[in-house]
>>> print(open('protein_18.csv').read())   # CSV, C-alpha atoms
chain,number,residue,atom,x,y,z
F,1,MET,CA,-12.0,6.1,7.4
F,2,VAL,CA,-14.0,5.7,4.2
F,3,THR,CA,-14.2,2.2,2.8
F,4,THR,CA,-16.7,0.0,0.9
F,5,PHE,CA,-16.3,-2.9,3.3
F,6,TYR,CA,-15.9,-3.1,7.1
F,7,PRO,CA,-16.4,-6.0,9.5
F,8,PRO,CA,-18.8,-7.7,9.8
F,9,TYR,CA,-19.9,-6.7,6.3
F,10,HIS,CA,-16.7,-7.7,4.4
F,11,PHE,CA,-14.9,-10.3,2.3
F,12,GLY,CA,-11.5,-10.1,4.2
F,13,GLY,CA,-8.2,-8.3,3.3
F,14,ASP,CA,-8.8,-4.6,3.0
F,15,ALA,CA,-11.6,-4.6,5.6
F,16,TYR,CA,-9.4,-6.2,8.2
F,17,ALA,CA,-6.6,-3.7,7.5
F,18,VAL,CA,-8.9,-0.8,7.9
F,19,ARG,CA,-10.2,-2.1,11.2
F,20,ARG,CA,-6.7,-2.8,12.5
F,21,LEU,CA,-5.8,0.8,11.7
F,22,ALA,CA,-8.9,2.2,13.2
F,23,HIS,CA,-8.4,0.3,16.4
F,24,ALA,CA,-4.7,1.1,16.6
F,25,LEU,CA,-5.6,4.8,16.4
F,26,ALA,CA,-8.4,4.4,19.0
F,27,ARG,CA,-5.9,2.7,21.4
F,28,ARG,CA,-3.9,5.9,21.2
F,29,GLY,CA,-6.8,8.1,22.2
F,30,HIS,CA,-8.0,9.3,18.8
F,31,GLN,CA,-11.7,9.5,17.8
F,32,VAL,CA,-12.2,7.5,14.7
F,33,ASP,CA,-15.3,7.4,12.5
F,34,VAL,CA,-15.7,4.7,9.8
F,35,ILE,CA,-18.1,5.0,6.9
F,36,HIS,CA,-18.8,1.8,4.9
F,37,ASP,CA,-21.5,0.5,2.5
F,38,ILE,CA,-23.8,-2.3,3.7
F,39,ASP,CA,-25.7,-2.0,0.4
F,40,ALA,CA,-22.5,-2.9,-1.5
F,41,PHE,CA,-21.8,-5.9,0.6
F,42,ARG,CA,-25.3,-7.3,0.2
F,43,ALA,CA,-25.3,-6.6,-3.6
F,44,LEU,CA,-22.2,-8.8,-3.9
F,45,GLY,CA,-23.9,-11.6,-2.1
F,46,GLY,CA,-22.0,-11.4,1.1
F,47,SER,CA,-23.0,-13.2,4.3
F,48,VAL,CA,-22.4,-11.6,7.6
F,49,GLU,CA,-20.0,-13.1,10.1
F,50,LEU,CA,-21.7,-14.6,13.2
F,51,THR,CA,-19.2,-12.9,15.4
F,52,SER,CA,-17.1,-9.8,15.0
F,53,GLU,CA,-14.6,-7.9,17.2
F,54,PRO,CA,-16.4,-5.2,19.2
F,55,GLU,CA,-15.6,-1.6,18.4
F,56,PRO,CA,-13.8,0.5,21.0
F,57,GLU,CA,-15.8,3.4,22.5
F,58,ASN,CA,-14.0,6.0,20.4
F,59,VAL,CA,-14.7,4.2,17.1
F,60,ARG,CA,-18.1,5.1,15.6
F,61,VAL,CA,-19.2,3.0,12.6
F,62,HIS,CA,-21.6,4.4,10.0
F,63,GLY,CA,-23.0,1.6,7.9
F,64,LEU,CA,-24.8,2.9,4.8
F,65,GLU,CA,-28.1,1.2,3.9
F,66,SER,CA,-31.0,2.2,1.6
F,67,PRO,CA,-34.2,0.8,0.2
F,68,PHE,CA,-32.5,0.9,-3.2
F,69,GLY,CA,-29.9,-1.8,-2.4
F,70,THR,CA,-28.2,-2.9,-5.6
F,71,LEU,CA,-29.4,0.1,-7.5
F,72,SER,CA,-27.6,2.3,-5.1
F,73,CYS,CA,-24.3,0.5,-5.9
F,74,LEU,CA,-25.0,0.5,-9.6
F,75,ALA,CA,-25.5,4.2,-9.6
F,76,THR,CA,-22.2,4.7,-7.8
F,77,HIS,CA,-20.4,2.3,-10.2
F,78,GLN,CA,-21.7,4.1,-13.3
F,79,PHE,CA,-21.5,7.7,-12.3
F,80,GLY,CA,-18.5,7.6,-10.0
F,81,ARG,CA,-20.1,9.4,-7.1
F,82,PRO,CA,-22.4,8.4,-4.2
F,83,VAL,CA,-25.8,9.1,-5.8
F,84,VAL,CA,-27.9,7.6,-3.1
F,85,HIS,CA,-25.8,8.1,0.1
F,86,GLY,CA,-24.1,11.3,-0.9
F,87,ARG,CA,-26.0,13.6,1.4
F,88,LYS,CA,-25.4,11.4,4.5
F,89,ILE,CA,-21.7,11.0,3.6
F,90,ARG,CA,-21.2,14.7,3.1
F,91,ALA,CA,-22.9,15.4,6.5
F,92,ILE,CA,-20.6,12.9,8.3
F,93,LEU,CA,-17.4,14.2,6.6
F,94,GLY,CA,-18.4,17.8,7.2
F,95,GLN,CA,-17.8,17.5,10.9
F,96,GLY,CA,-14.3,18.9,10.7
F,97,PHE,CA,-12.0,15.9,10.9
F,98,ASP,CA,-8.3,16.5,11.1
F,99,VAL,CA,-7.7,13.6,8.7
F,100,ILE,CA,-10.0,11.8,6.2
F,101,HIS,CA,-8.5,8.5,5.1
F,102,PHE,CA,-9.9,6.8,2.0
F,103,HIS,CA,-9.4,3.1,1.3
F,104,ASN,CA,-11.5,1.0,-1.1
F,105,ILE,CA,-14.0,3.6,-2.3
F,106,SER,CA,-15.2,1.8,-5.4
F,107,LEU,CA,-18.8,1.3,-4.3
F,108,VAL,CA,-19.1,3.6,-1.3
F,109,GLY,CA,-18.6,6.7,-3.4
F,110,GLY,CA,-16.3,6.3,-6.4
F,111,PRO,CA,-13.9,9.1,-7.2
F,112,GLY,CA,-16.5,11.7,-6.6
F,113,ILE,CA,-16.3,11.1,-2.8
F,114,LEU,CA,-12.7,12.4,-2.7
F,115,GLU,CA,-14.0,16.0,-2.8
F,116,TYR,CA,-16.1,15.6,0.4
F,117,GLY,CA,-15.0,17.0,3.7
F,118,THR,CA,-12.0,19.1,4.7
F,119,GLY,CA,-8.7,18.4,6.5
F,120,ILE,CA,-5.8,16.2,5.4
F,121,LYS,CA,-6.8,13.6,2.9
F,122,LEU,CA,-5.0,10.3,2.5
F,123,TYR,CA,-5.8,7.4,0.2
F,124,THR,CA,-4.5,3.8,0.6
F,125,ALA,CA,-4.5,1.6,-2.5
F,126,HIS,CA,-5.5,-1.9,-1.2
F,127,GLU,CA,-5.9,-3.0,-4.8
F,128,HIS,CA,-5.4,-1.6,-8.3
F,129,TRP,CA,-8.9,0.1,-8.7
F,130,LEU,CA,-7.3,3.5,-9.5
F,131,VAL,CA,-6.0,2.0,-12.8
F,132,CYS,CA,-8.1,-1.1,-13.3
F,133,PRO,CA,-12.0,-1.4,-13.5
F,134,SER,CA,-11.7,-5.0,-12.3
F,135,HIS,CA,-9.4,-3.9,-9.4
F,136,THR,CA,-7.0,-6.8,-9.9
F,137,LEU,CA,-5.1,-6.3,-13.2
F,138,TRP,CA,-6.4,-9.8,-14.1
F,139,ARG,CA,-7.2,-9.3,-17.8
F,140,HIS,CA,-10.2,-11.0,-19.4
F,141,ASN,CA,-10.6,-12.9,-16.1
F,142,ARG,CA,-7.9,-15.3,-17.2
F,143,GLU,CA,-4.5,-13.7,-17.4
F,144,ILE,CA,-2.1,-11.1,-15.9
F,145,CYS,CA,-2.7,-7.7,-17.5
F,146,ASN,CA,0.3,-6.2,-19.2
F,147,ALA,CA,-1.5,-3.8,-21.6
F,148,ARG,CA,-4.9,-2.1,-21.4
F,149,GLU,CA,-7.9,-3.8,-23.1
F,150,CYS,CA,-10.4,-2.5,-20.6
F,151,LEU,CA,-13.7,-2.5,-22.5
F,152,LEU,CA,-13.2,-6.0,-23.8
F,153,CYS,CA,-11.8,-7.1,-20.4
F,154,ILE,CA,-14.8,-5.8,-18.4
F,155,ALA,CA,-17.1,-7.6,-20.8
F,156,HIS,CA,-15.5,-10.9,-19.8
F,157,TYR,CA,-16.4,-10.0,-16.2
F,158,ARG,CA,-20.0,-9.4,-17.3
F,159,ARG,CA,-20.0,-5.9,-15.8
F,160,PRO,CA,-21.2,-2.7,-17.4
F,161,PRO,CA,-18.5,-0.3,-18.4
F,162,GLN,CA,-18.0,2.7,-16.1
F,163,LEU,CA,-18.8,5.8,-18.0
F,164,TRP,CA,-16.8,8.1,-15.7
F,165,ARG,CA,-13.5,6.2,-16.6
F,166,HIS,CA,-13.7,7.6,-20.1
F,167,GLY,CA,-13.4,11.2,-19.1
F,168,THR,CA,-11.2,13.3,-16.8
F,169,MET,CA,-13.2,12.7,-13.6
F,170,LEU,CA,-10.6,10.6,-11.9
F,171,GLU,CA,-7.8,12.9,-12.8
F,172,GLN,CA,-9.8,15.9,-11.4
F,173,GLN,CA,-10.9,14.2,-8.2
F,174,VAL,CA,-7.5,12.8,-7.1
F,175,ARG,CA,-6.3,16.4,-6.8
F,176,HIS,CA,-8.3,16.5,-3.6
F,177,VAL,CA,-6.0,13.9,-2.0
F,178,ASP,CA,-2.8,15.0,-0.2
F,179,ALA,CA,-1.0,11.7,-0.1
F,180,PHE,CA,-1.4,8.3,-1.7
F,181,THR,CA,0.0,5.2,-0.1
F,182,THR,CA,0.0,1.4,-0.6
F,183,TYR,CA,1.6,-1.7,1.0
F,184,SER,CA,4.3,-2.6,-1.5
F,185,GLN,CA,6.7,-0.9,-3.8
F,186,PHE,CA,5.5,-3.3,-6.5
F,187,CYS,CA,1.9,-1.9,-6.3
F,188,ALA,CA,3.2,1.7,-6.4
F,189,ASP,CA,5.3,0.8,-9.5
F,190,LYS,CA,2.3,-0.9,-11.2
F,191,HIS,CA,0.2,2.2,-10.7
F,192,ARG,CA,2.8,4.4,-12.3
F,193,GLU,CA,3.2,1.8,-15.2
F,194,PHE,CA,-0.5,2.0,-15.9
F,195,GLY,CA,-0.6,5.8,-16.0
F,196,PHE,CA,-1.3,7.0,-12.4
F,197,THR,CA,1.0,10.0,-12.1
F,198,ARG,CA,0.5,11.0,-8.5
F,199,PRO,CA,3.4,10.0,-6.1
F,200,MET,CA,2.5,6.9,-4.1
F,201,SER,CA,4.6,6.0,-1.0
F,202,VAL,CA,4.8,2.6,0.8
F,203,THR,CA,3.5,2.4,4.3
F,204,PRO,CA,3.8,-0.9,6.1
F,205,PRO,CA,0.8,-3.1,6.9
F,206,PHE,CA,0.8,-4.5,10.4
F,207,LEU,CA,-0.7,-6.8,13.0
F,208,PRO,CA,-1.8,-5.4,16.3
F,209,ASN,CA,0.6,-5.4,19.3
F,210,ALA,CA,-2.1,-7.0,21.3
F,211,GLU,CA,-1.8,-10.1,19.0
F,212,ALA,CA,1.8,-10.8,19.9
F,213,PRO,CA,2.7,-14.5,19.8
F,214,GLU,CA,1.3,-16.4,22.8
F,215,GLN,CA,4.3,-18.6,22.7
F,216,GLU,CA,7.8,-18.6,21.3
F,217,PRO,CA,7.5,-18.1,17.5
F,218,GLY,CA,8.6,-21.2,15.6
F,219,SER,CA,7.9,-23.5,18.5
F,220,ALA,CA,8.1,-27.2,17.7
F,221,ARG,CA,5.3,-28.9,15.9
F,222,ASP,CA,3.2,-31.7,17.6
F,223,PRO,CA,5.2,-34.9,16.8
F,224,GLU,CA,1.9,-36.8,16.7
F,225,ASP,CA,0.6,-34.6,13.9
F,226,PRO,CA,1.7,-35.4,10.3
F,227,PRO,CA,3.7,-32.6,8.7
F,228,TYR,CA,1.6,-30.3,6.7
F,229,PHE,CA,1.7,-27.2,4.5
F,230,LEU,CA,-0.9,-24.5,4.8
F,231,PHE,CA,-3.0,-22.4,2.5
F,232,VAL,CA,-5.1,-19.6,4.0
F,233,GLY,CA,-7.4,-17.3,1.9
F,234,ARG,CA,-10.4,-17.0,-0.3
F,235,LEU,CA,-10.9,-19.9,-2.6
F,236,GLU,CA,-10.7,-18.2,-6.0
F,237,ALA,CA,-9.0,-19.2,-9.2
F,238,ILE,CA,-6.6,-16.2,-9.0
F,239,LYS,CA,-5.2,-17.5,-5.7
F,240,GLY,CA,-3.5,-20.3,-7.6
F,241,LEU,CA,-4.3,-23.2,-5.3
F,242,GLN,CA,-5.1,-25.4,-8.4
F,243,ASP,CA,-1.4,-25.4,-9.1
F,244,VAL,CA,-0.6,-26.8,-5.7
F,245,ILE,CA,-3.1,-29.6,-5.2
F,246,PRO,CA,-1.6,-31.9,-8.0
F,247,LEU,CA,1.6,-32.1,-6.1
F,248,PHE,CA,-0.2,-33.8,-3.2
F,249,ARG,CA,-1.6,-36.5,-5.4
F,250,LYS,CA,1.9,-38.1,-5.4
F,251,ALA,CA,3.2,-40.4,-2.7
F,252,GLY,CA,4.2,-38.7,0.4
F,253,THR,CA,3.5,-38.0,4.1
F,254,ALA,CA,3.0,-34.2,4.2
F,255,GLU,CA,-0.6,-32.9,4.0
F,256,LEU,CA,-1.9,-29.7,2.4
F,257,ARG,CA,-4.4,-28.1,4.7
F,258,VAL,CA,-6.7,-25.4,3.2
F,259,ALA,CA,-8.3,-22.8,5.4
F,260,GLY,CA,-11.0,-20.7,3.7
F,261,SER,CA,-13.9,-20.8,1.4
F,262,GLY,CA,-15.0,-19.2,-1.8
F,263,ILE,CA,-16.6,-19.4,-5.2
F,264,TYR,CA,-13.9,-21.7,-6.6
F,265,GLU,CA,-14.2,-24.3,-3.7
F,266,ASN,CA,-16.3,-26.9,-5.6
F,267,GLN,CA,-13.8,-27.0,-8.5
F,268,LEU,CA,-10.9,-27.3,-6.1
F,269,ARG,CA,-12.6,-30.1,-4.2
F,270,LYS,CA,-13.1,-32.0,-7.4
F,271,LEU,CA,-9.5,-31.5,-8.3
F,272,ALA,CA,-8.5,-32.9,-4.9
F,273,ALA,CA,-11.0,-35.8,-5.1
F,274,ASP,CA,-8.1,-38.3,-5.7
F,275,ALA,CA,-5.7,-36.6,-3.3
F,276,PRO,CA,-6.2,-37.9,0.2
F,277,ARG,CA,-3.4,-35.7,1.5
F,278,VAL,CA,-5.5,-32.6,0.8
F,279,ARG,CA,-7.8,-31.5,3.7
F,280,PHE,CA,-10.3,-28.7,3.3
F,281,LEU,CA,-10.9,-27.0,6.7
F,282,GLY,CA,-13.4,-24.3,5.8
F,283,LYS,CA,-13.4,-20.9,7.5
F,284,GLN,CA,-11.3,-20.9,10.7
F,285,SER,CA,-11.4,-18.6,13.8
F,286,ARG,CA,-8.5,-16.3,14.6
F,287,ALA,CA,-7.4,-18.7,17.3
F,288,GLN,CA,-7.6,-21.7,15.1
F,289,LEU,CA,-5.6,-20.0,12.4
F,290,ARG,CA,-2.9,-19.1,14.8
F,291,GLU,CA,-2.6,-22.7,15.8
F,292,LEU,CA,-2.5,-23.8,12.2
F,293,TYR,CA,0.2,-21.4,11.3
F,294,ARG,CA,2.3,-22.5,14.3
F,295,GLY,CA,2.1,-26.1,13.3
F,296,ALA,CA,2.7,-25.8,9.6
F,297,VAL,CA,6.0,-26.5,7.9
F,298,ALA,CA,5.3,-23.4,5.8
F,299,LEU,CA,2.5,-21.2,4.4
F,300,ILE,CA,2.1,-21.6,0.6
F,301,VAL,CA,1.1,-18.4,-1.3
F,302,PRO,CA,0.6,-19.4,-4.9
F,303,SER,CA,-1.4,-16.4,-6.3
F,304,ILE,CA,-1.3,-16.1,-10.0
F,305,CYS,CA,-2.5,-12.5,-10.0
F,306,TYR,CA,-0.8,-9.3,-8.9
F,307,GLU,CA,-1.5,-9.0,-5.2
F,308,VAL,CA,-0.8,-5.7,-3.4
F,309,PHE,CA,0.6,-7.5,-0.3
F,310,ALA,CA,-1.0,-10.6,1.4
F,311,LEU,CA,-1.7,-10.1,5.0
F,312,VAL,CA,-1.7,-13.9,5.5
F,313,ILE,CA,2.1,-13.7,5.1
F,314,LEU,CA,2.3,-11.4,8.2
F,315,GLU,CA,0.1,-13.8,10.1
F,316,ALA,CA,2.5,-16.7,9.3
F,317,PHE,CA,5.6,-14.6,10.0
F,318,ARG,CA,4.2,-13.6,13.4
F,319,GLU,CA,4.1,-17.3,14.4
F,320,GLY,CA,7.6,-18.0,13.1
F,321,THR,CA,6.4,-19.9,10.1
F,322,PRO,CA,8.2,-19.4,6.8
F,323,VAL,CA,6.4,-18.8,3.5
F,324,VAL,CA,6.7,-20.4,0.1
F,325,ALA,CA,5.5,-17.8,-2.5
F,326,ARG,CA,5.3,-17.5,-6.2
F,327,ARG,CA,7.9,-15.3,-7.7
F,328,LEU,CA,5.3,-12.7,-8.8
F,329,GLY,CA,4.0,-9.3,-7.7
F,330,PRO,CA,5.1,-8.1,-4.3
F,331,PHE,CA,6.3,-11.5,-3.0
F,332,PRO,CA,10.0,-11.3,-4.1
F,333,GLU,CA,10.1,-7.9,-2.4
F,334,ILE,CA,8.6,-9.3,0.8
F,335,ILE,CA,10.8,-12.4,0.9
F,336,ASP,CA,13.9,-10.3,0.1
F,337,GLN,CA,13.1,-7.9,2.9
F,338,SER,CA,12.3,-10.5,5.4
F,339,GLY,CA,14.5,-13.5,4.6
F,340,GLY,CA,11.6,-15.5,5.8
F,341,GLY,CA,10.8,-17.8,2.9
F,342,LEU,CA,11.4,-19.3,-0.5
F,343,LEU,CA,10.2,-18.4,-3.9
F,344,PHE,CA,9.1,-20.6,-6.8
F,345,ASP,CA,8.4,-20.0,-10.5
F,346,ASP,CA,6.6,-23.2,-11.6
F,347,ALA,CA,5.4,-26.6,-10.3
F,348,THR,CA,8.9,-28.0,-10.3
F,349,GLY,CA,10.2,-25.1,-8.3
F,350,LEU,CA,7.3,-25.4,-5.8
F,351,GLU,CA,7.9,-29.1,-5.3
F,352,GLN,CA,11.6,-28.5,-4.8
F,353,ALA,CA,11.0,-25.7,-2.2
F,354,LEU,CA,8.5,-27.9,-0.3
F,355,GLU,CA,11.0,-30.8,-0.3
F,356,LYS,CA,13.8,-28.5,1.0
F,357,LEU,CA,11.7,-27.5,4.0
F,358,LEU,CA,10.5,-31.0,4.7
F,359,GLY,CA,14.0,-32.3,4.7
F,360,SER,CA,15.6,-29.7,6.9
F,361,ASP,CA,14.4,-28.6,10.3
F,362,GLU,CA,17.4,-26.3,10.4
F,363,LEU,CA,16.3,-24.4,7.2
F,364,ARG,CA,12.7,-24.1,8.5
F,365,ALA,CA,13.9,-22.8,11.8
F,366,ARG,CA,16.3,-20.3,10.3
F,367,LEU,CA,13.7,-18.9,7.8
F,368,GLY,CA,11.0,-18.9,10.6
F,369,ALA,CA,13.3,-17.0,13.0
F,370,ALA,CA,14.0,-14.4,10.3
F,371,ALA,CA,10.3,-14.1,9.6
F,372,ALA,CA,9.4,-13.6,13.3
F,373,ARG,CA,12.1,-10.9,13.7
F,374,VAL,CA,10.8,-8.8,10.8
F,375,ALA,CA,7.2,-9.2,11.8
F,376,GLN,CA,8.1,-7.8,15.2
F,377,SER,CA,10.0,-4.8,13.7
F,378,VAL,CA,9.2,-3.6,10.1
F,379,TRP,CA,5.6,-4.8,10.2
F,380,SER,CA,4.8,-4.1,13.8
F,381,GLU,CA,2.0,-1.8,14.9
F,382,THR,CA,4.5,0.5,16.6
F,383,TRP,CA,6.6,1.0,13.4
F,384,ALA,CA,3.4,1.3,11.3
F,385,MET,CA,2.0,4.0,13.6
F,386,LYS,CA,5.3,5.9,13.5
F,387,ARG,CA,5.2,6.0,9.7
F,388,TYR,CA,1.5,6.9,9.7
F,389,PHE,CA,1.9,9.9,11.9
F,390,GLU,CA,5.1,11.0,10.2
F,391,LEU,CA,3.2,11.0,6.9
F,392,ILE,CA,0.4,13.2,8.5
F,393,ALA,CA,3.0,15.5,9.9
F,394,ASP,CA,4.7,15.9,6.6
F,395,VAL,CA,1.4,16.7,4.8
F,396,ALA,CA,0.4,19.2,7.5
F,397,GLN,CA,3.7,20.9,7.1
F,398,ARG,CA,3.2,21.2,3.4
F,399,ARG,CA,-0.2,22.7,4.0
F,400,GLY,CA,1.1,25.1,6.6
F,401,ASP,CA,-0.9,23.6,9.4
F,402,SER,CA,1.5,23.8,12.3
F,403,ALA,CA,-1.1,22.9,14.9
F,404,LEU,CA,-2.0,19.6,13.2
F,405,ARG,CA,1.7,18.9,12.5
F,406,GLU,CA,2.4,19.2,16.2
F,407,LYS,CA,-0.6,16.9,17.1
F,408,ALA,CA,0.7,14.3,14.6
F,409,LEU,CA,4.3,14.5,16.0
F,410,ASN,CA,3.0,14.1,19.5
F,411,SER,CA,1.2,11.0,18.5
F,412,ILE,CA,4.3,9.2,17.2
F,413,PRO,CA,5.2,6.3,19.4
F,414,GLY,CA,8.4,6.6,21.4
>>> encode(input="protein_18.csv", output="structure tokens")
Amino acid sequence: MVTTFYPPYHFGGDAYAVRRLAHALARRGHQVDVIHDIDAFRALGGSVELTSEPEPENVRVHGLESPFGTLSCLATHQFGRPVVHGRKIRAILGQGFDVIHFHNISLVGGPGILEYGTGIKLYTAHEHWLVCPSHTLWRHNREICNARECLLCIAHYRRPPQLWRHGTMLEQQVRHVDAFTTYSQFCADKHREFGFTRPMSVTPPFLPNAEAPEQEPGSARDPEDPPYFLFVGRLEAIKGLQDVIPLFRKAGTAELRVAGSGIYENQLRKLAADAPRVRFLGKQSRAQLRELYRGAVALIVPSICYEVFALVILEAFREGTPVVARRLGPFPEIIDQSGGGLLFDDATGLEQALEKLLGSDELRARLGAAAARVAQSVWSETWAMKRYFELIADVAQRRGDSALREKALNSIPG
């Protein structure tokens, strides 16, 4: 596994997904090595978690550090290859792995790292970095991108332009990858729309089997607790929470509980200063989050940018909690596939969706039950591992590697 961020040096999302995959493989007896960049995490001002899940014996983690720190990341950002850590990465990847799986490689090595090592090479797009210097298709740091204005856009982010993006480097380096995957058809379609020509398949994200619900999904809420809706995630403008808070200024009994922290937190707290029904909970442990999901009327996912998926949706679904999501990006696809929630287009639509769920225990129970069913099937670890090893087997067959194909097929869960 090659990724810029990995726990405890991470900001969420993609790092958790990589760890879940690494640990799922380890539970099936595979040796997994993870390469990640501590320099990048520190350069972006990250603070290390106080606690982190221990690694299994057959997962080896290689955290890259150097005396150059931010300069190391800047060199990778500008030249598109691991200038400082290249020799160490090449040595690790040169050990003869059957599969090298690239994830968020933006600061751990850029496109140049794709030529390192041998064996089957996979790439999972956790964001839109392959087609967008800012990773998010959020143009000028203020609006959804529907046409390229990359140089002007990156100036709004106060970042230097990446020289390698103005040549053929990316086009040349992606030829080293055997298969590209992502978590939603929407993301695959966006890559094609913005000029990425390689085929990109959809492989399901998942939650570990070991984290199956501790009680019946959708169990009754505590009658002594006021009804509440839940937001979970980083507090950034692109997550759209500023569109939700004003609804809770009005008269009502339901609360909005916000789990998370981030650079936009102060602005959101100011916005909620006259909204006593909004409660900021800060970062929560995994156990605390599960309790919050179980008790919520619904999880609200109001992102105003193009998400790739949103793993918080799976966390809510697992507990039998429906989702109210903006009709944007992958969310219509997820709700249509699961039947586990409602969509909204604007503030009026959001308010109507919340009122529907508050006014009907039957509707919440029905949506929650559908959500729990799909979380235990389509987005289960067992199904995800089946798809993962089928993909490896297909690539091995195309490459004429019958031995590796057989190993992959033998790893498919029964």
>>> atom_distance(input="protein_18.csv", atom1="atom CA of Arg28 of chain F", atom2="atom CA of Val59 of chain F")
11.7 Å
>>> atom_distance(input="protein_18.csv", atom1="atom CA of Ile392 of chain F", atom2="atom CA of Ile120 of chain F")
7.6 Å
>>> residues_around(input="protein_18.csv", residues="Gln173 of chain F", least_positions_apart="2", cutoff="12 Å", atoms="all atoms listed in the file", output="PyMOL selection string")
chain F and resi 80-81+109-116+121+123+130+164-165+167-171+175-178+198
>>> residues_around(input="protein_18.csv", residues="segment 150-162 of chain F", least_positions_apart="4", cutoff="7 Å", atoms="only C-alpha atoms", output="ChimeraX atom specification")
/F:77-78,134,139-141
>>> atom_distance(input="protein_18.csv", atom1="atom CA of Val174 of chain F", atom2="atom CA of Ser411 of chain F")
27.1 Å
>>> closest_residue(input="protein_18.csv", among="F:His191, F:Glu319, F:Glu224, F:Pro133", to="Ala287 of chain F", atoms="all atoms listed in the file")
F:Glu319
>>> residues_around(input="protein_18.csv", residues="Leu363 of chain F", least_positions_apart="2", cutoff="12 Å", atoms="only C-alpha atoms", output="list in words")
Gly218, Val297, Ala298, Thr321, Pro322, Val323, Gly339, Gly340, Gly341, Leu342, Ala353, Leu354, Glu355, Lys356, Leu357, Leu358, Gly359, Ser360, Asp361, Ala365, Arg366, Leu367, Gly368, Ala369 and Ala370 of chain F
>>> closest_residue(input="protein_18.csv", among="F:Arg294, F:Lys250, F:Arg60, F:His30", to="Phe229 of chain F", atoms="only C-alpha atoms")
F:Arg294
>>> residues_around(input="protein_18.csv", residues="Gly252 of chain F", least_positions_apart="6", cutoff="12 Å", atoms="all atoms listed in the file", output="list in words")
Pro226, Pro227, Tyr228, Ala275, Pro276, Arg277, Val278, Glu351, Leu354, Glu355 and Leu358 of chain F
>>> write_last_selection(input="protein_18.csv", atoms="C-alpha atoms", output="compact mmCIF listing (two decimals), in the coordinates of the input")
# COMPACT_ATOMS: atom_id res chain seq x y z
CA PRO F 226 1.70 -35.40 10.30
CA PRO F 227 3.70 -32.60 8.70
CA TYR F 228 1.60 -30.30 6.70
CA ALA F 275 -5.70 -36.60 -3.30
CA PRO F 276 -6.20 -37.90 0.20
CA ARG F 277 -3.40 -35.70 1.50
CA VAL F 278 -5.50 -32.60 0.80
CA GLU F 351 7.90 -29.10 -5.30
CA LEU F 354 8.50 -27.90 -0.30
CA GLU F 355 11.00 -30.80 -0.30
CA LEU F 358 10.50 -31.00 4.70
>>> residues_around(input="protein_18.csv", residues="Thr70 of chain F", least_positions_apart="5", cutoff="9 Å", atoms="all atoms listed in the file", output="JSON, numbers by chain")
{"F": [39, 40, 42, 43, 44, 75]}
